[in-house]
file final.txt (compact mmCIF, C-alpha atoms)
# COMPACT_ATOMS: atom_id res chain seq x y z
CA MET A 1 64.47 -107.33 -14.46
CA ASP A 2 63.20 -110.52 -12.91
CA LYS A 3 60.67 -109.15 -10.42
CA LYS A 4 57.35 -110.93 -10.47
CA TYR A 5 54.10 -108.99 -10.33
CA ILE A 6 50.73 -110.43 -9.43
CA VAL A 7 47.89 -108.97 -11.47
CA SER A 8 44.33 -109.34 -10.19
CA PRO A 9 40.97 -107.75 -11.05
CA ASN A 10 40.16 -104.40 -9.50
CA PRO A 11 39.17 -102.77 -7.21
CA HIS A 12 42.43 -102.88 -5.27
CA ILE A 13 41.04 -101.61 -1.97
CA HIS A 14 42.03 -103.22 1.30
CA ALA A 15 41.09 -102.51 4.88
CA ASN A 16 42.43 -103.90 8.13
CA VAL A 17 38.96 -105.13 9.07
CA SER A 18 37.73 -108.70 9.42
CA THR A 19 34.62 -110.45 10.64
CA THR A 20 36.48 -111.42 13.79
CA SER A 21 37.57 -107.85 14.55
CA ILE A 22 34.05 -106.52 13.98
CA MET A 23 32.51 -109.16 16.23
CA ARG A 24 35.16 -108.49 18.87
CA ASP A 25 34.20 -104.81 18.89
CA VAL A 26 30.51 -105.70 19.23
CA ILE A 27 31.32 -107.95 22.20
CA ILE A 28 33.25 -105.12 23.84
CA ALA A 29 30.38 -102.71 23.16
CA LEU A 30 27.90 -105.06 24.84
CA CYS A 31 30.04 -105.39 27.97
CA PRO A 32 28.72 -102.30 29.83
CA ALA A 33 25.12 -103.52 29.60
CA LEU A 34 26.17 -107.07 30.50
CA VAL A 35 28.10 -105.89 33.55
CA VAL A 36 25.14 -103.83 34.76
CA SER A 37 22.77 -106.77 34.31
CA ILE A 38 25.06 -109.19 36.16
CA LEU A 39 25.42 -106.71 39.02
CA ALA A 40 21.63 -106.33 39.15
CA TYR A 41 20.59 -109.96 38.70
CA GLY A 42 23.63 -111.82 39.99
CA TRP A 43 24.56 -115.42 39.26
CA ALA A 44 21.24 -116.16 37.54
CA GLU A 45 22.02 -113.66 34.78
CA LEU A 46 25.58 -114.90 34.48
CA LEU A 47 24.28 -118.45 33.99
CA VAL A 48 21.83 -117.34 31.30
CA VAL A 49 24.64 -115.58 29.42
CA ALA A 50 27.03 -118.51 29.80
CA VAL A 51 24.50 -121.14 28.66
CA SER A 52 23.39 -119.01 25.72
CA VAL A 53 26.92 -118.30 24.47
CA LEU A 54 28.22 -121.84 25.01
CA SER A 55 25.15 -123.35 23.35
CA CYS A 56 25.50 -121.14 20.28
CA VAL A 57 29.22 -121.84 19.95
CA LEU A 58 28.93 -125.61 20.46
CA LEU A 59 25.94 -125.93 18.13
CA GLU A 60 27.68 -124.00 15.37
CA TRP A 61 30.85 -126.06 15.80
CA ALA A 62 28.94 -129.36 15.72
CA VAL A 63 26.75 -128.50 12.74
CA THR A 64 29.56 -127.10 10.59
CA ARG A 65 31.93 -129.98 11.32
CA TRP A 66 29.57 -132.96 11.37
CA LEU A 67 26.58 -132.02 9.19
CA MET A 68 27.92 -129.43 6.76
CA LYS A 69 31.32 -131.16 6.54
CA ARG A 70 33.32 -127.95 6.42
CA PRO A 71 35.75 -126.12 8.72
CA SER A 72 34.20 -124.68 11.84
CA THR A 73 33.36 -120.96 11.79
CA VAL A 74 33.26 -120.40 15.55
CA GLY A 75 36.57 -118.54 15.32
CA ASP A 76 34.90 -115.54 13.69
CA LEU A 77 33.07 -114.89 17.03
CA SER A 78 29.69 -114.43 15.32
CA ALA A 79 28.22 -117.30 17.37
CA VAL A 80 29.42 -115.58 20.55
CA VAL A 81 27.68 -112.35 19.52
CA THR A 82 24.49 -114.27 18.73
CA GLY A 83 24.62 -115.92 22.14
CA LEU A 84 25.17 -112.61 23.93
CA LEU A 85 22.34 -110.86 22.08
CA LEU A 86 19.97 -113.77 22.71
CA ALA A 87 20.82 -113.78 26.43
CA MET A 88 20.23 -110.03 26.60
CA ASN A 89 16.68 -110.60 25.33
CA LEU A 90 15.78 -113.15 28.03
CA PRO A 91 14.61 -112.80 31.65
CA SER A 92 17.22 -113.63 34.26
CA ALA A 93 14.89 -116.18 35.87
CA ILE A 94 14.21 -118.17 32.69
CA PRO A 95 14.91 -121.94 32.86
CA LEU A 96 18.23 -122.78 31.27
CA TRP A 97 16.80 -125.50 29.04
CA ILE A 98 14.68 -122.84 27.34
CA VAL A 99 17.84 -120.82 26.75
CA PHE A 100 19.31 -123.82 24.91
CA ILE A 101 16.21 -124.10 22.72
CA GLY A 102 16.53 -120.42 21.81
CA ALA A 103 20.18 -120.97 20.88
CA PHE A 104 19.23 -123.99 18.77
CA VAL A 105 16.66 -121.97 16.82
CA ALA A 106 19.09 -119.08 16.37
CA ILE A 107 21.97 -121.20 15.05
CA CYS A 108 20.36 -124.30 13.54
CA VAL A 109 17.24 -122.67 12.06
CA ALA A 110 17.94 -118.99 11.41
CA LYS A 111 21.65 -119.04 10.56
CA LEU A 112 23.35 -122.20 9.32
CA PRO A 113 20.60 -123.60 7.02
CA PHE A 114 20.99 -120.44 4.91
CA GLY A 115 24.73 -121.03 4.58
CA GLY A 116 26.09 -119.38 7.71
CA ILE A 117 27.21 -115.85 8.42
CA GLY A 118 26.75 -113.49 5.50
CA GLN A 119 23.87 -115.47 4.01
CA ASN A 120 21.13 -115.64 6.65
CA VAL A 121 17.99 -113.61 5.92
CA PHE A 122 16.79 -113.13 9.49
CA ASN A 123 18.68 -111.95 12.55
CA PRO A 124 19.47 -115.20 14.43
CA ALA A 125 19.23 -113.83 17.97
CA ILE A 126 15.89 -112.14 17.31
CA THR A 127 14.54 -115.26 15.61
CA GLY A 128 15.44 -117.30 18.69
CA ARG A 129 13.87 -114.74 20.98
CA VAL A 130 10.60 -114.50 19.02
CA PHE A 131 10.34 -118.30 18.85
CA LEU A 132 10.70 -118.52 22.63
CA LEU A 133 8.21 -115.69 23.20
CA ILE A 134 5.57 -117.47 21.12
CA SER A 135 6.35 -120.96 22.44
CA PHE A 136 6.94 -120.16 26.14
CA PRO A 137 5.03 -116.91 26.84
CA ALA A 138 4.77 -117.47 30.60
CA GLN A 139 8.51 -118.03 31.11
CA MET A 140 9.45 -115.27 28.66
CA THR A 141 7.33 -112.71 30.53
CA ASP A 142 8.36 -113.70 34.04
CA TRP A 143 10.05 -110.41 34.93
CA ASN A 144 10.42 -110.98 38.67
CA PRO A 145 14.09 -110.02 39.08
CA THR A 146 16.49 -112.42 40.74
CA PRO A 147 18.57 -110.89 43.57
CA GLY A 148 21.93 -109.59 42.40
CA PHE A 149 25.03 -107.98 43.82
CA ILE A 150 23.41 -104.54 44.09
CA PRO A 151 19.92 -103.78 45.45
CA LEU A 152 17.15 -103.10 42.93
CA PRO A 153 14.99 -100.02 43.52
CA ASP A 154 11.54 -101.06 44.73
CA ALA A 155 9.88 -98.41 42.58
CA VAL A 156 10.90 -100.07 39.35
CA SER A 157 11.17 -103.76 40.25
CA GLY A 158 8.78 -106.40 38.99
CA ALA A 159 7.03 -106.23 35.64
CA THR A 160 8.37 -103.92 32.94
CA PRO A 161 6.81 -100.46 32.56
CA LEU A 162 5.62 -101.31 29.02
CA SER A 163 3.58 -104.31 30.14
CA VAL A 164 2.30 -102.67 33.33
CA ILE A 165 1.15 -99.49 31.58
CA LYS A 166 -0.57 -101.49 28.83
CA GLU A 167 -2.55 -103.40 31.46
CA ALA A 168 -3.31 -100.18 33.34
CA ILE A 169 -4.75 -98.56 30.21
CA LYS A 170 -6.89 -101.65 29.54
CA SER A 171 -8.29 -101.40 33.06
CA GLY A 172 -9.33 -97.77 32.54
CA SER A 173 -6.44 -95.94 34.23
CA THR A 174 -4.80 -92.98 32.49
CA ILE A 175 -1.07 -92.71 31.88
CA PRO A 176 -0.58 -89.55 34.03
CA GLU A 177 -2.38 -91.25 36.93
CA PHE A 178 -0.25 -94.36 36.56
CA MET A 179 3.01 -92.41 36.30
CA SER A 180 2.18 -90.42 39.41
CA ALA A 181 1.10 -93.47 41.42
CA HIS A 182 4.27 -95.44 40.58
CA ASN A 183 6.75 -92.53 40.67
CA TYR A 184 7.92 -93.13 37.11
CA ASP A 185 10.23 -90.51 35.67
CA LEU A 186 13.11 -90.30 33.18
CA ALA A 187 15.53 -91.78 35.73
CA SER A 188 13.24 -94.79 36.10
CA PHE A 189 13.33 -95.38 32.35
CA LEU A 190 17.13 -95.26 32.30
CA TRP A 191 17.08 -98.08 34.86
CA ASP A 192 14.37 -100.51 33.76
CA ALA A 193 14.79 -103.07 36.55
CA GLY A 194 12.92 -106.32 36.17
CA ALA A 195 13.49 -106.39 32.42
CA SER A 196 16.01 -108.41 30.40
CA ALA A 197 19.70 -107.49 30.32
CA GLY A 198 19.20 -105.64 27.04
CA GLU A 199 16.41 -103.53 28.52
CA LEU A 200 17.88 -102.86 31.96
CA SER A 201 20.06 -99.81 31.25
CA ALA A 202 19.64 -97.57 28.22
CA GLY A 203 22.66 -95.59 29.38
CA ALA A 204 24.96 -98.64 29.28
CA LEU A 205 23.75 -99.50 25.77
CA LEU A 206 24.43 -95.95 24.59
CA ILE A 207 27.99 -96.14 25.96
CA GLY A 208 28.57 -99.32 23.97
CA PHE A 209 27.10 -97.81 20.82
CA ILE A 210 29.34 -94.75 21.10
CA TYR A 211 32.29 -97.14 21.21
CA LEU A 212 31.10 -98.76 17.95
CA LEU A 213 30.77 -95.33 16.34
CA ILE A 214 34.29 -94.37 17.40
CA ARG A 215 35.59 -97.66 16.01
CA ARG A 216 33.56 -97.06 12.81
CA VAL A 217 31.99 -100.48 13.10
CA VAL A 218 28.48 -99.10 12.52
CA LYS A 219 27.01 -95.96 11.02
CA PRO A 220 24.27 -94.00 12.78
CA TRP A 221 21.73 -93.91 9.95
CA ILE A 222 19.70 -96.98 10.91
CA PRO A 223 19.55 -96.28 14.70
CA VAL A 224 18.72 -92.61 14.09
CA SER A 225 15.91 -93.50 11.67
CA VAL A 226 14.51 -96.17 14.03
CA LEU A 227 14.55 -94.02 17.16
CA GLY A 228 13.57 -90.87 15.22
CA THR A 229 10.50 -92.58 13.77
CA MET A 230 9.50 -93.93 17.19
CA ALA A 231 9.95 -90.47 18.71
CA LEU A 232 7.89 -88.77 15.97
CA ILE A 233 5.00 -91.24 16.26
CA ALA A 234 5.06 -91.02 20.07
CA PHE A 235 5.09 -87.21 19.87
CA ILE A 236 2.06 -87.15 17.55
CA PHE A 237 -0.04 -89.73 19.39
CA HIS A 238 0.87 -88.47 22.86
CA GLY A 239 -0.03 -84.96 21.71
CA ILE A 240 -3.42 -86.18 20.49
CA ASN A 241 -4.29 -88.08 23.67
CA PRO A 242 -1.73 -88.19 26.50
CA ASP A 243 -4.09 -90.26 28.64
CA ILE A 244 -3.73 -93.45 26.57
CA TYR A 245 -0.56 -92.96 24.49
CA THR A 246 2.87 -92.95 26.12
CA GLY A 247 5.33 -90.16 25.32
CA VAL A 248 8.66 -89.89 23.56
CA SER A 249 11.08 -90.51 26.45
CA PHE A 250 9.07 -93.47 27.69
CA ASN A 251 9.09 -95.24 24.32
CA LEU A 252 12.76 -94.58 23.61
CA MET A 253 14.09 -95.58 27.02
CA THR A 254 11.96 -98.62 27.85
CA GLY A 255 11.71 -102.09 26.39
CA GLY A 256 13.94 -103.25 23.57
CA ALA A 257 14.06 -99.93 21.72
CA MET A 258 17.71 -99.18 22.45
CA LEU A 259 19.04 -102.72 22.13
CA GLY A 260 17.07 -103.28 18.93
CA ALA A 261 17.95 -99.99 17.27
CA LEU A 262 21.61 -99.83 18.31
CA PHE A 263 22.77 -103.44 18.15
CA MET A 264 20.27 -105.65 16.31
CA ALA A 265 18.83 -103.55 13.49
CA THR A 266 22.42 -102.64 12.54
CA ASP A 267 23.40 -106.26 11.88
CA TYR A 268 25.56 -106.22 8.74
CA VAL A 269 24.01 -109.32 7.18
CA THR A 270 20.31 -108.58 7.66
CA SER A 271 20.29 -104.80 7.06
CA PRO A 272 20.52 -102.89 3.74
CA MET A 273 23.92 -102.06 2.27
CA ASN A 274 23.01 -98.57 1.02
CA THR A 275 22.53 -95.53 3.28
CA TRP A 276 19.09 -94.61 1.96
CA GLY A 277 18.02 -98.23 2.05
CA GLY A 278 19.08 -98.26 5.71
CA VAL A 279 17.04 -95.14 6.41
CA VAL A 280 13.89 -96.67 4.89
CA TYR A 281 14.63 -99.89 6.78
CA GLY A 282 14.93 -98.00 10.06
CA ILE A 283 11.74 -96.02 9.45
CA GLY A 284 9.88 -99.27 8.83
CA ILE A 285 11.19 -100.80 12.06
CA GLY A 286 10.26 -97.75 14.12
CA PHE A 287 6.77 -97.55 12.58
CA ILE A 288 5.94 -101.25 13.06
CA ALA A 289 7.32 -101.28 16.60
CA MET A 290 5.15 -98.32 17.63
CA MET A 291 2.02 -99.73 15.98
CA ILE A 292 2.49 -102.96 17.95
CA ARG A 293 3.11 -101.02 21.17
CA TYR A 294 0.05 -98.82 20.75
CA PHE A 295 -2.42 -101.17 19.08
CA GLY A 296 -1.06 -104.74 19.31
CA SER A 297 -1.54 -107.39 21.95
CA TYR A 298 2.16 -107.43 22.86
CA PRO A 299 3.56 -104.56 24.95
CA GLU A 300 6.83 -104.67 22.99
CA GLY A 301 7.19 -104.73 19.21
CA MET A 302 10.87 -104.23 18.39
CA SER A 303 11.75 -107.87 17.72
CA PHE A 304 8.76 -108.43 15.45
CA ALA A 305 9.46 -105.16 13.64
CA ILE A 306 13.08 -106.09 12.90
CA LEU A 307 12.14 -109.57 11.65
CA LEU A 308 9.45 -108.16 9.36
CA MET A 309 11.83 -105.57 7.93
CA ASN A 310 14.51 -108.24 7.46
CA CYS A 311 12.18 -109.61 4.76
CA THR A 312 12.39 -106.33 2.84
CA VAL A 313 16.19 -106.07 2.75
CA PRO A 314 16.63 -107.76 -0.68
CA LEU A 315 14.10 -105.33 -2.16
CA LEU A 316 15.71 -102.33 -0.46
CA ASN A 317 19.13 -103.39 -1.76
CA MET A 318 17.66 -103.58 -5.26
CA TRP A 319 15.75 -100.28 -5.08
CA PHE A 320 18.63 -98.36 -3.51
CA HIS A 321 21.36 -100.07 -5.47
CA GLN A 322 24.88 -99.11 -4.47
CA LYS A 323 27.01 -97.61 -7.25
CA LYS A 324 29.78 -99.83 -8.53
CA TYR A 325 33.39 -98.76 -8.15
CA GLY A 326 34.48 -96.53 -11.01
CA ARG A 327 30.93 -95.55 -11.95
CA ALA A 328 29.81 -91.94 -11.78
call {"tool": "encode", "arguments": {"input": "final.txt", "output": "structure tokens"}}
result
Amino acid sequence: MDKKYIVSPNPHIHANVSTTSIMRDVIIALCPALVVSILAYGWAELLVVAVSVLSCVLLEWAVTRWLMKRPSTVGDLSAVVTGLLLAMNLPSAIPLWIVFIGAFVAICVAKLPFGGIGQNVFNPAITGRVFLLISFPAQMTDWNPTPGFIPLPDAVSGATPLSVIKEAIKSGSTIPEFMSAHNYDLASFLWDAGASAGELSAGALLIGFIYLLIRRVVKPWIPVSVLGTMALIAFIFHGINPDIYTGVSFNLMTGGAMLGALFMATDYVTSPMNTWGGVVYGIGIGFIAMMIRYFGSYPEGMSFAILLMNCTVPLLNMWFHQKKYGRA
């Protein structure tokens, strides 16, 4: 008997899943929202996406090959996903040089200095977006939509509902008065024209997320806890005073709630490994986002909420420690 056997430490569990296959599925899942945004905003949006993706890929290739002196990791498609997510957080009319700066921060500050994919503490795309929002507030809040291949409804073009309603409340107007004057309804929230690609169509984002669930790329615990917490807080505050606090459907369908909860909070690297840790993580994101929306100076709080909760992931992984294989 001259057969050779290779003995290695357990566990002997294998799955036909790789970083590249996961990232490919995320890219496919983002396609419906990207197609809708390109149809709405035209060549300007396509340029933003192209510059963001190419910048992320080229920067990662250059840094890994020339500075880190190791094989390039662009083949795992994680840089492409970072570029897509960053582009989906930017206005279609933003100058392209600002897009490059956002890509630089995402790849060269938030990702590679920590060791690359699997080791970064903060979500790279959100880090790039927050840096741009703080550094270039005028350009990052220029929501005048560029003309696309399909006409934008006049009722919902221009500034985003979140920012407009916040200003209306500050000026003494009530939410019911504002909603009635601007003909806002649930259909308007499903089509948030004037916003970034990731805020334009909640329906397109949900289609992509359903694809990820079918493919078992993500689990629903974090998105459900994020959106559930936002819904609960909105229900309570809107019930207390509907004149100054927006309701459940408004907060779930507008802004970065869907993109953040479905695609960015679920990032494998920067979210907890355990189910209960993920639930606590999602609750924290939903709570912080709503506190910023209701009481902060920014109309949107999802990006800040995710970055803040990224800091807690090591603690959540320790508190909700996953059982080792073979342990009861």
call {"tool": "atom_distance", "arguments": {"input": "final.txt", "atom1": "atom CA of Phe122 of chain A", "atom2": "atom CA of Met68 of chain A"}}
result
19.9 Å
call {"tool": "atom_distance", "arguments": {"input": "final.txt", "atom1": "atom CA of Leu259 of chain A", "atom2": "atom CA of Ala202 of chain A"}}
result
8.0 Å
call {"tool": "closest_residue", "arguments": {"input": "final.txt", "among": "A:Phe209, A:Phe136, A:Trp221, A:Trp319", "to": "Val26 of chain A", "atoms": "all atoms listed in the file"}}
result
A:Phe209
call {"tool": "residues_around", "arguments": {"input": "final.txt", "residues": "Leu59 of chain A", "least_positions_apart": "4", "cutoff": "12 Å", "atoms": "all atoms listed in the file", "output": "PyMOL selection string"}}
result
chain A and resi 51-55+63-67+72-74+79-80+82-83+100-109+111-112
call {"tool": "axis_aligned_box", "arguments": {"input": "final.txt", "around": "segment 99-105 of chain A", "padding_each_side": "8 Å", "output": "AutoDock Vina command-line options"}}
result
--center_x 18.2 --center_y -122.3 --center_z 21.8 --size_x 20.0 --size_y 19.7 --size_z 25.9
call {"tool": "atom_distance", "arguments": {"input": "final.txt", "atom1": "atom CA of Val248 of chain A", "atom2": "atom CA of Leu232 of chain A"}}
result
7.7 Å
call {"tool": "build_atoms", "arguments": {"input": "final.txt", "residues": "segment 132-143 of chain A", "atoms": "all heavy atoms", "output": "compact mmCIF listing (two decimals), in the frame of the given file"}}
result
# COMPACT_ATOMS: atom_id res chain seq x y z
N LEU A 132 10.92 -118.24 21.21
CA LEU A 132 10.70 -118.52 22.63
C LEU A 132 9.50 -117.74 23.17
O LEU A 132 8.72 -118.27 23.98
CB LEU A 132 11.95 -118.16 23.43
CG LEU A 132 13.20 -119.00 23.17
CD1 LEU A 132 14.34 -118.55 24.08
CD2 LEU A 132 12.92 -120.48 23.34
N LEU A 133 9.33 -116.50 22.72
CA LEU A 133 8.21 -115.69 23.20
C LEU A 133 6.88 -116.31 22.80
O LEU A 133 5.92 -116.31 23.58
CB LEU A 133 8.32 -114.27 22.62
CG LEU A 133 7.23 -113.28 23.05
CD1 LEU A 133 7.25 -113.07 24.56
CD2 LEU A 133 7.42 -111.95 22.33
N ILE A 134 6.81 -116.85 21.58
CA ILE A 134 5.57 -117.47 21.12
C ILE A 134 5.37 -118.84 21.76
O ILE A 134 4.24 -119.22 22.10
CB ILE A 134 5.57 -117.59 19.58
CG1 ILE A 134 5.59 -116.20 18.95
CG2 ILE A 134 4.38 -118.38 19.08
CD1 ILE A 134 5.78 -116.20 17.45
N SER A 135 6.44 -119.59 21.95
CA SER A 135 6.35 -120.96 22.44
C SER A 135 6.24 -121.04 23.97
O SER A 135 5.58 -121.93 24.51
CB SER A 135 7.57 -121.77 21.98
OG SER A 135 7.68 -121.76 20.58
N PHE A 136 6.92 -120.14 24.67
CA PHE A 136 6.94 -120.16 26.14
C PHE A 136 6.60 -118.76 26.68
O PHE A 136 7.45 -118.11 27.30
CB PHE A 136 8.32 -120.59 26.64
CG PHE A 136 8.82 -121.88 26.05
CD1 PHE A 136 9.73 -121.87 25.00
CD2 PHE A 136 8.37 -123.10 26.53
CE1 PHE A 136 10.19 -123.06 24.44
CE2 PHE A 136 8.83 -124.30 25.99
CZ PHE A 136 9.72 -124.27 24.94
N PRO A 137 5.37 -118.30 26.45
CA PRO A 137 5.03 -116.91 26.84
C PRO A 137 5.10 -116.67 28.34
O PRO A 137 5.48 -115.59 28.78
CB PRO A 137 3.60 -116.75 26.31
CG PRO A 137 3.07 -118.14 26.18
CD PRO A 137 4.24 -118.99 25.81
N ALA A 138 4.75 -117.67 29.14
CA ALA A 138 4.77 -117.47 30.60
C ALA A 138 6.20 -117.27 31.10
O ALA A 138 6.48 -116.34 31.86
CB ALA A 138 4.13 -118.67 31.30
N GLN A 139 7.11 -118.14 30.66
CA GLN A 139 8.51 -118.03 31.11
C GLN A 139 9.19 -116.79 30.53
O GLN A 139 10.04 -116.18 31.18
CB GLN A 139 9.29 -119.28 30.71
CG GLN A 139 8.86 -120.54 31.42
CD GLN A 139 7.74 -121.27 30.69
OE1 GLN A 139 7.05 -120.69 29.86
NE2 GLN A 139 7.56 -122.55 31.01
N MET A 140 8.82 -116.41 29.31
CA MET A 140 9.45 -115.27 28.66
C MET A 140 8.94 -113.93 29.20
O MET A 140 9.54 -112.88 28.93
CB MET A 140 9.24 -115.33 27.16
CG MET A 140 10.11 -116.35 26.45
SD MET A 140 11.85 -115.91 26.47
CE MET A 140 11.87 -114.52 25.33
N THR A 141 7.86 -113.95 29.94
CA THR A 141 7.33 -112.71 30.53
C THR A 141 7.36 -112.76 32.05
O THR A 141 6.65 -112.01 32.71
CB THR A 141 5.89 -112.45 30.03
OG1 THR A 141 5.08 -113.60 30.27
CG2 THR A 141 5.89 -112.15 28.54
N ASP A 142 8.17 -113.64 32.59
CA ASP A 142 8.36 -113.70 34.04
C ASP A 142 9.46 -112.72 34.41
O ASP A 142 10.65 -113.05 34.43
CB ASP A 142 8.74 -115.12 34.46
CG ASP A 142 8.95 -115.24 35.97
OD1 ASP A 142 8.61 -114.28 36.69
OD2 ASP A 142 9.47 -116.28 36.41
N TRP A 143 9.07 -111.46 34.72
CA TRP A 143 10.05 -110.41 34.93
C TRP A 143 10.37 -110.17 36.40
O TRP A 143 10.87 -109.11 36.77
CB TRP A 143 9.56 -109.10 34.31
CG TRP A 143 9.39 -109.18 32.83
CD1 TRP A 143 8.23 -109.07 32.14
CD2 TRP A 143 10.41 -109.41 31.85
NE1 TRP A 143 8.46 -109.22 30.79
CE2 TRP A 143 9.79 -109.42 30.59
CE3 TRP A 143 11.79 -109.62 31.93
CZ2 TRP A 143 10.49 -109.63 29.41
CZ3 TRP A 143 12.50 -109.82 30.76
CH2 TRP A 143 11.85 -109.82 29.52
